[in-house]
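Engineer: data.cif (mmCIF, N, CA and C atoms and all ligand atoms) pasted underneath:
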```cif
data_model
#
loop_
_atom_site.label_atom_id
_atom_site.label_comp_id
_atom_site.auth_asym_id
_atom_site.auth_seq_id
_atom_site.Cartn_x
_atom_site.Cartn_y
_atom_site.Cartn_z
N VAL A 1 39.91 127.05 43.56
CA VAL A 1 40.10 125.61 43.76
C VAL A 1 40.42 125.37 45.24
N VAL A 2 39.74 124.41 45.82
CA VAL A 2 39.92 124.13 47.25
C VAL A 2 40.72 122.85 47.42
N ASP A 3 41.59 122.86 48.40
CA ASP A 3 42.39 121.68 48.69
C ASP A 3 41.51 120.61 49.32
N THR A 4 41.43 119.46 48.66
CA THR A 4 40.55 118.42 49.19
C THR A 4 41.31 117.37 49.98
N PHE A 5 42.61 117.55 50.12
CA PHE A 5 43.40 116.59 50.89
C PHE A 5 43.36 116.93 52.37
N SER A 6 43.41 115.91 53.21
CA SER A 6 43.56 116.15 54.64
C SER A 6 44.98 116.63 54.90
N LYS A 7 45.19 117.10 56.13
CA LYS A 7 46.52 117.63 56.47
C LYS A 7 47.60 116.55 56.31
N SER A 8 47.30 115.35 56.78
CA SER A 8 48.32 114.30 56.71
C SER A 8 48.54 113.84 55.27
N GLU A 9 47.47 113.78 54.52
CA GLU A 9 47.62 113.43 53.10
C GLU A 9 48.48 114.47 52.39
N ARG A 10 48.18 115.73 52.69
CA ARG A 10 48.90 116.81 52.04
C ARG A 10 50.39 116.75 52.39
N SER A 11 50.70 116.52 53.65
CA SER A 11 52.12 116.51 54.01
C SER A 11 52.83 115.29 53.41
N ARG A 12 52.09 114.19 53.28
CA ARG A 12 52.68 113.02 52.63
C ARG A 12 52.97 113.33 51.16
N ILE A 13 52.04 113.99 50.52
CA ILE A 13 52.21 114.35 49.11
C ILE A 13 53.39 115.30 48.94
N MET A 14 53.44 116.31 49.81
CA MET A 14 54.55 117.27 49.75
C MET A 14 55.88 116.56 49.88
N ALA A 15 55.97 115.65 50.85
CA ALA A 15 57.22 114.93 51.07
C ALA A 15 57.58 114.12 49.84
N ALA A 16 56.59 113.49 49.25
CA ALA A 16 56.85 112.62 48.10
C ALA A 16 57.30 113.43 46.90
N VAL A 17 56.62 114.54 46.63
CA VAL A 17 56.96 115.28 45.42
C VAL A 17 58.27 116.05 45.57
N LYS A 18 58.67 116.32 46.78
CA LYS A 18 59.89 117.09 47.00
C LYS A 18 61.14 116.23 46.85
N SER A 19 61.00 114.94 47.09
CA SER A 19 62.19 114.12 47.18
C SER A 19 62.79 113.85 45.80
N ARG A 20 64.08 113.69 45.77
CA ARG A 20 64.80 113.27 44.59
C ARG A 20 64.46 111.81 44.32
N ASP A 21 64.68 111.37 43.08
CA ASP A 21 64.43 109.98 42.73
C ASP A 21 63.00 109.57 43.02
N THR A 22 62.09 110.42 42.63
CA THR A 22 60.67 110.12 42.82
C THR A 22 60.27 108.98 41.89
N THR A 23 59.20 108.35 42.18
CA THR A 23 58.76 107.22 41.37
C THR A 23 58.57 107.58 39.89
N PRO A 24 57.89 108.68 39.55
CA PRO A 24 57.77 109.00 38.12
C PRO A 24 59.14 109.11 37.44
N GLU A 25 60.09 109.68 38.16
CA GLU A 25 61.42 109.81 37.57
C GLU A 25 62.06 108.44 37.35
N LEU A 26 61.90 107.56 38.31
CA LEU A 26 62.44 106.20 38.15
C LEU A 26 61.79 105.48 36.99
N ILE A 27 60.49 105.69 36.82
CA ILE A 27 59.78 105.06 35.70
C ILE A 27 60.35 105.55 34.36
N VAL A 28 60.55 106.85 34.26
CA VAL A 28 61.10 107.42 33.02
C VAL A 28 62.51 106.88 32.77
N ARG A 29 63.31 106.80 33.83
CA ARG A 29 64.67 106.26 33.67
C ARG A 29 64.64 104.82 33.17
N ARG A 30 63.79 104.02 33.78
CA ARG A 30 63.71 102.60 33.37
C ARG A 30 63.28 102.47 31.93
N LEU A 31 62.29 103.27 31.52
CA LEU A 31 61.80 103.21 30.14
C LEU A 31 62.90 103.62 29.16
N ALA A 32 63.59 104.71 29.46
CA ALA A 32 64.65 105.19 28.56
C ALA A 32 65.77 104.15 28.47
N HIS A 33 66.09 103.56 29.60
CA HIS A 33 67.13 102.53 29.64
C HIS A 33 66.70 101.32 28.81
N ALA A 34 65.46 100.90 28.98
CA ALA A 34 64.94 99.73 28.25
C ALA A 34 64.91 100.00 26.74
N LEU A 35 64.76 101.27 26.37
CA LEU A 35 64.77 101.63 24.94
C LEU A 35 66.21 101.68 24.40
N GLY A 36 67.18 101.48 25.28
CA GLY A 36 68.57 101.40 24.85
C GLY A 36 69.35 102.71 24.95
N TYR A 37 68.77 103.67 25.64
CA TYR A 37 69.43 104.97 25.78
C TYR A 37 70.14 105.09 27.12
N ARG A 38 71.28 105.75 27.09
CA ARG A 38 72.01 106.04 28.32
C ARG A 38 71.96 107.54 28.57
N TYR A 39 71.99 107.90 29.81
CA TYR A 39 71.77 109.30 30.14
C TYR A 39 72.54 109.65 31.40
N ARG A 40 72.66 110.93 31.62
CA ARG A 40 73.21 111.43 32.88
C ARG A 40 72.07 112.06 33.67
N LEU A 41 72.25 112.11 34.97
CA LEU A 41 71.18 112.59 35.84
C LEU A 41 71.51 113.97 36.42
N HIS A 42 70.51 114.84 36.42
CA HIS A 42 70.61 116.11 37.14
C HIS A 42 71.91 116.84 36.83
N VAL A 43 72.10 117.16 35.57
CA VAL A 43 73.34 117.81 35.15
C VAL A 43 73.30 119.29 35.56
N ARG A 44 74.10 119.60 36.56
CA ARG A 44 74.05 120.93 37.17
C ARG A 44 74.59 122.02 36.26
N SER A 45 75.38 121.63 35.28
CA SER A 45 75.98 122.64 34.41
C SER A 45 74.97 123.15 33.37
N LEU A 46 73.82 122.50 33.27
CA LEU A 46 72.79 122.96 32.33
C LEU A 46 71.69 123.72 33.06
N PRO A 47 71.05 124.67 32.37
CA PRO A 47 69.94 125.41 33.01
C PRO A 47 68.91 124.44 33.59
N GLY A 48 68.53 124.66 34.81
CA GLY A 48 67.49 123.86 35.44
C GLY A 48 67.91 122.47 35.86
N ALA A 49 69.19 122.12 35.67
CA ALA A 49 69.69 120.78 36.04
C ALA A 49 68.70 119.69 35.64
N PRO A 50 68.54 119.48 34.33
CA PRO A 50 67.51 118.54 33.86
C PRO A 50 67.64 117.15 34.50
N ASP A 51 66.51 116.49 34.68
CA ASP A 51 66.50 115.20 35.38
C ASP A 51 67.26 114.13 34.60
N LEU A 52 66.99 114.05 33.30
CA LEU A 52 67.73 113.12 32.44
C LEU A 52 68.35 113.93 31.31
N VAL A 53 69.62 113.67 31.05
CA VAL A 53 70.33 114.35 29.96
C VAL A 53 70.95 113.31 29.05
N PHE A 54 70.68 113.47 27.75
CA PHE A 54 71.21 112.56 26.73
C PHE A 54 72.23 113.36 25.92
N PRO A 55 73.49 113.35 26.37
CA PRO A 55 74.47 114.30 25.83
C PRO A 55 74.68 114.17 24.32
N ARG A 56 74.75 112.96 23.81
CA ARG A 56 75.04 112.83 22.38
C ARG A 56 73.83 113.16 21.52
N LEU A 57 72.65 113.10 22.09
CA LEU A 57 71.43 113.42 21.35
C LEU A 57 71.04 114.89 21.48
N ASP A 58 71.71 115.60 22.38
CA ASP A 58 71.32 116.98 22.69
C ASP A 58 69.86 117.05 23.13
N LYS A 59 69.49 116.13 24.01
CA LYS A 59 68.11 116.12 24.50
C LYS A 59 68.09 116.00 26.02
N VAL A 60 67.08 116.60 26.58
CA VAL A 60 66.90 116.52 28.03
C VAL A 60 65.43 116.23 28.35
N ILE A 61 65.23 115.62 29.49
CA ILE A 61 63.88 115.36 29.97
C ILE A 61 63.74 115.88 31.40
N PHE A 62 62.67 116.57 31.63
CA PHE A 62 62.28 116.94 32.98
C PHE A 62 61.10 116.08 33.40
N VAL A 63 61.17 115.54 34.58
CA VAL A 63 60.02 114.82 35.14
C VAL A 63 59.45 115.72 36.23
N SER A 64 58.25 116.23 35.97
CA SER A 64 57.73 117.31 36.81
C SER A 64 56.52 116.88 37.62
N GLY A 65 56.55 117.21 38.87
CA GLY A 65 55.40 116.98 39.74
C GLY A 65 54.28 117.93 39.37
N CYS A 66 53.06 117.40 39.28
CA CYS A 66 51.93 118.21 38.83
C CYS A 66 51.63 119.37 39.77
N PHE A 67 51.82 119.14 41.07
CA PHE A 67 51.54 120.20 42.03
C PHE A 67 52.57 121.31 41.94
N TRP A 68 53.82 120.96 42.07
CA TRP A 68 54.89 121.97 42.16
C TRP A 68 55.09 122.74 40.87
N HIS A 69 54.75 122.12 39.77
CA HIS A 69 55.03 122.77 38.47
C HIS A 69 53.75 123.17 37.76
N ARG A 70 52.66 123.17 38.48
CA ARG A 70 51.38 123.72 38.02
C ARG A 70 50.89 123.09 36.71
N HIS A 71 50.78 121.77 36.74
CA HIS A 71 50.19 121.12 35.57
C HIS A 71 48.70 121.42 35.54
N THR A 72 48.14 121.47 34.32
CA THR A 72 46.72 121.81 34.16
C THR A 72 45.83 120.57 34.23
N CYS A 73 46.37 119.46 34.74
CA CYS A 73 45.61 118.20 34.76
C CYS A 73 44.61 118.14 35.91
N GLY A 74 44.67 119.09 36.84
CA GLY A 74 43.76 119.07 37.97
C GLY A 74 44.39 118.58 39.27
N ARG A 75 45.63 118.09 39.16
CA ARG A 75 46.32 117.65 40.37
C ARG A 75 46.94 118.82 41.13
N CYS A 76 47.00 119.95 40.47
CA CYS A 76 47.61 121.11 41.12
C CYS A 76 46.53 121.86 41.89
N ARG A 77 46.18 121.33 43.04
CA ARG A 77 45.16 121.95 43.87
C ARG A 77 45.84 122.75 44.98
N ILE A 78 45.65 124.04 44.92
CA ILE A 78 46.33 124.92 45.87
C ILE A 78 45.68 124.77 47.24
N PRO A 79 46.48 124.50 48.28
CA PRO A 79 45.92 124.37 49.63
C PRO A 79 45.15 125.62 50.05
N ALA A 80 44.08 125.42 50.77
CA ALA A 80 43.25 126.55 51.21
C ALA A 80 43.98 127.40 52.25
N THR A 81 44.78 126.73 53.08
CA THR A 81 45.57 127.49 54.05
C THR A 81 46.82 128.03 53.38
N ARG A 82 47.15 129.26 53.73
CA ARG A 82 48.32 129.95 53.15
C ARG A 82 48.25 129.93 51.62
N ARG A 83 47.05 130.16 51.14
CA ARG A 83 46.81 130.08 49.71
C ARG A 83 47.69 131.03 48.90
N ALA A 84 47.82 132.27 49.36
CA ALA A 84 48.62 133.25 48.63
C ALA A 84 50.07 132.80 48.54
N TYR A 85 50.55 132.24 49.64
CA TYR A 85 51.92 131.74 49.66
C TYR A 85 52.13 130.66 48.61
N TRP A 86 51.22 129.70 48.57
CA TRP A 86 51.36 128.60 47.61
C TRP A 86 51.22 129.08 46.18
N LEU A 87 50.26 129.99 45.96
CA LEU A 87 50.08 130.52 44.61
C LEU A 87 51.36 131.20 44.12
N ALA A 88 51.94 132.03 44.98
CA ALA A 88 53.15 132.75 44.59
C ALA A 88 54.29 131.78 44.32
N LYS A 89 54.40 130.80 45.20
CA LYS A 89 55.49 129.84 45.08
C LYS A 89 55.37 129.05 43.78
N ILE A 90 54.16 128.59 43.51
CA ILE A 90 53.98 127.74 42.33
C ILE A 90 54.04 128.57 41.05
N ASP A 91 53.60 129.82 41.13
CA ASP A 91 53.78 130.72 39.98
C ASP A 91 55.26 130.90 39.67
N ARG A 92 56.05 131.07 40.72
CA ARG A 92 57.51 131.22 40.51
C ARG A 92 58.08 129.98 39.87
N ASN A 93 57.67 128.82 40.36
CA ASN A 93 58.16 127.57 39.77
C ASN A 93 57.82 127.50 38.29
N ALA A 94 56.57 127.81 37.96
CA ALA A 94 56.13 127.70 36.56
C ALA A 94 56.89 128.69 35.68
N ALA A 95 57.11 129.91 36.20
CA ALA A 95 57.85 130.91 35.43
C ALA A 95 59.29 130.46 35.23
N ARG A 96 59.88 129.88 36.26
CA ARG A 96 61.26 129.38 36.15
C ARG A 96 61.33 128.25 35.12
N ASP A 97 60.34 127.35 35.15
CA ASP A 97 60.32 126.26 34.17
C ASP A 97 60.35 126.81 32.74
N GLN A 98 59.55 127.84 32.50
CA GLN A 98 59.52 128.43 31.15
C GLN A 98 60.86 129.03 30.78
N ARG A 99 61.45 129.77 31.72
CA ARG A 99 62.78 130.37 31.47
C ARG A 99 63.81 129.31 31.15
N VAL A 100 63.82 128.28 31.98
CA VAL A 100 64.82 127.21 31.84
C VAL A 100 64.67 126.52 30.48
N GLN A 101 63.42 126.24 30.09
CA GLN A 101 63.20 125.52 28.84
C GLN A 101 63.59 126.39 27.64
N ARG A 102 63.28 127.68 27.72
CA ARG A 102 63.72 128.59 26.65
C ARG A 102 65.23 128.61 26.54
N ALA A 103 65.90 128.71 27.69
CA ALA A 103 67.37 128.78 27.71
C ALA A 103 67.96 127.51 27.08
N LEU A 104 67.42 126.37 27.44
CA LEU A 104 67.93 125.10 26.90
C LEU A 104 67.73 125.04 25.39
N ARG A 105 66.55 125.45 24.94
CA ARG A 105 66.27 125.39 23.49
C ARG A 105 67.20 126.33 22.73
N ARG A 106 67.46 127.50 23.31
CA ARG A 106 68.41 128.43 22.68
C ARG A 106 69.79 127.80 22.56
N LEU A 107 70.15 126.98 23.53
CA LEU A 107 71.46 126.31 23.50
C LEU A 107 71.46 125.08 22.59
N GLY A 108 70.30 124.79 21.99
CA GLY A 108 70.24 123.70 21.04
C GLY A 108 69.76 122.37 21.60
N TRP A 109 69.25 122.39 22.81
CA TRP A 109 68.76 121.15 23.41
C TRP A 109 67.29 120.93 23.08
N GLY A 110 66.95 119.69 22.79
CA GLY A 110 65.54 119.31 22.70
C GLY A 110 65.04 119.04 24.11
N VAL A 111 63.86 119.54 24.40
CA VAL A 111 63.33 119.45 25.76
C VAL A 111 62.00 118.71 25.77
N MET A 112 61.88 117.74 26.65
CA MET A 112 60.62 117.05 26.85
C MET A 112 60.27 117.12 28.34
N VAL A 113 59.00 117.35 28.60
CA VAL A 113 58.52 117.34 29.99
C VAL A 113 57.60 116.14 30.16
N VAL A 114 57.90 115.32 31.13
CA VAL A 114 56.99 114.23 31.50
C VAL A 114 56.36 114.62 32.83
N TRP A 115 55.05 114.69 32.81
CA TRP A 115 54.34 115.02 34.04
C TRP A 115 54.11 113.76 34.85
N GLU A 116 54.14 113.96 36.14
CA GLU A 116 53.86 112.90 37.10
C GLU A 116 52.62 112.08 36.71
N CYS A 117 51.55 112.77 36.30
CA CYS A 117 50.29 112.08 36.01
C CYS A 117 50.37 111.26 34.72
N GLN A 118 51.45 111.45 33.95
CA GLN A 118 51.60 110.70 32.70
C GLN A 118 52.41 109.42 32.91
N SER A 119 52.80 109.17 34.16
CA SER A 119 53.61 107.98 34.44
C SER A 119 52.87 107.00 35.33
N THR A 120 51.55 107.17 35.42
CA THR A 120 50.77 106.27 36.26
C THR A 120 50.49 104.95 35.51
N ALA A 121 50.06 103.97 36.27
CA ALA A 121 50.00 102.58 35.80
C ALA A 121 49.43 102.41 34.39
N GLY A 122 48.27 102.95 34.12
CA GLY A 122 47.64 102.71 32.83
C GLY A 122 48.26 103.47 31.67
N LYS A 123 49.24 104.32 31.96
CA LYS A 123 49.75 105.23 30.92
C LYS A 123 51.18 104.94 30.51
N ILE A 124 51.73 103.86 31.03
CA ILE A 124 53.15 103.56 30.80
C ILE A 124 53.46 103.32 29.32
N GLU A 125 52.57 102.59 28.65
CA GLU A 125 52.84 102.27 27.24
C GLU A 125 52.83 103.54 26.39
N ARG A 126 51.86 104.40 26.66
CA ARG A 126 51.80 105.67 25.93
C ARG A 126 53.07 106.48 26.18
N LEU A 127 53.52 106.48 27.44
CA LEU A 127 54.73 107.22 27.80
C LEU A 127 55.95 106.63 27.09
N ARG A 128 56.00 105.31 27.03
CA ARG A 128 57.12 104.64 26.36
C ARG A 128 57.21 105.06 24.90
N LYS A 129 56.06 105.11 24.25
CA LYS A 129 56.03 105.51 22.84
C LYS A 129 56.47 106.97 22.67
N ARG A 130 55.99 107.79 23.57
CA ARG A 130 56.36 109.21 23.52
C ARG A 130 57.86 109.41 23.70
N LEU A 131 58.41 108.67 24.65
CA LEU A 131 59.86 108.74 24.89
C LEU A 131 60.63 108.29 23.65
N ARG A 132 60.18 107.18 23.08
CA ARG A 132 60.86 106.64 21.91
C ARG A 132 60.84 107.67 20.76
N THR A 133 59.67 108.25 20.54
CA THR A 133 59.54 109.25 19.48
C THR A 133 60.46 110.44 19.74
N PHE A 134 60.47 110.92 20.96
CA PHE A 134 61.30 112.07 21.30
C PHE A 134 62.78 111.76 21.13
N LEU A 135 63.20 110.61 21.59
CA LEU A 135 64.63 110.28 21.58
C LEU A 135 65.11 109.91 20.17
N GLN A 136 64.21 109.39 19.36
CA GLN A 136 64.58 109.01 17.99
C GLN A 136 64.64 110.21 17.05
N SER A 137 63.83 111.21 17.33
CA SER A 137 63.64 112.29 16.35
C SER A 137 64.90 113.14 16.19
ZN ZN B 1 49.48 116.34 35.80
#
```
Do you think you could lay out the structure here as structure tokens?
Ligand SMILES: [Zn+2]

Structural biologist:
Amino acid sequence: VVDTFSKSERSRIMAAVKSRDTTPELIVRRLAHALGYRYRLHVRSLPGAPDLVFPRLDKVIFVSGCFWHRHTCGRCRIPATRRAYWLAKIDRNAARDQRVQRALRRLGWGVMVVWECQSTAGKIERLRKRLRTFLQS
């Protein structure tokens, strides 16, 4: 897979996906709030410091960037420069995600992952329903 972004596009994307309080995360927070749920953010005492934690429901949500967490949607395009570096880095991220989710499930937490690409404009209603189902179950 070849990186089709220009250098400036790529650095803008990197900056955006690295930052806390990314737009997909804000969208998920607003939806959960509108559904009447309250949550804590980035709970460091739990494996992986989940983005949203619903303590009384024993549920957590991770909002994951498609690039950094190697989603299979096609947005995870490894840059052509320093390709081995990026592959190794993103492999580590994906392996850590699996470890963290297993650890949480062993501790009795329900885990949901919302991918960045699932929070785009046309997909909000589907995401809202998914959140509602997850939080109600
Ligand atoms: Zn994706």

Engineer: Residues within 5 Å of ligand ZN 1 (chain B) (all atoms listed in the file), as a VMD selection string?

Structural biologist: chain A and resid 66 71 73 117

Engineer: Neighbouring residues of range 47-63 of chain A were defined as those with any atom within 9 Å, considering only C-alpha atoms; residues of the same chain fewer than 5 positions away were excluded. Please report them as number ranges by chain.

Structural biologist: A: 24-25, 28-29, 37-42, 96-97, 99-101, 103-104, 108-116, 134-136

Engineer: Separation of CA of Arg105 in chain A and atom N of Gln118 in chain A, in Å?

Structural biologist: 22.9 Å

Engineer: For Ala95 in chain A, which of A:Leu107, A:Arg77, A:Gly122, A:His69 is the closest residue, counting all atoms listed in the file?

Structural biologist: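 Nearest to Ala95 in chain A: A:His69.
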
Engineer: At what distance in Å, to one decimal, does CA of Asn93 in chain A lie from CA of Arg126 in chain A?

Structural biologist: 26.7 Å
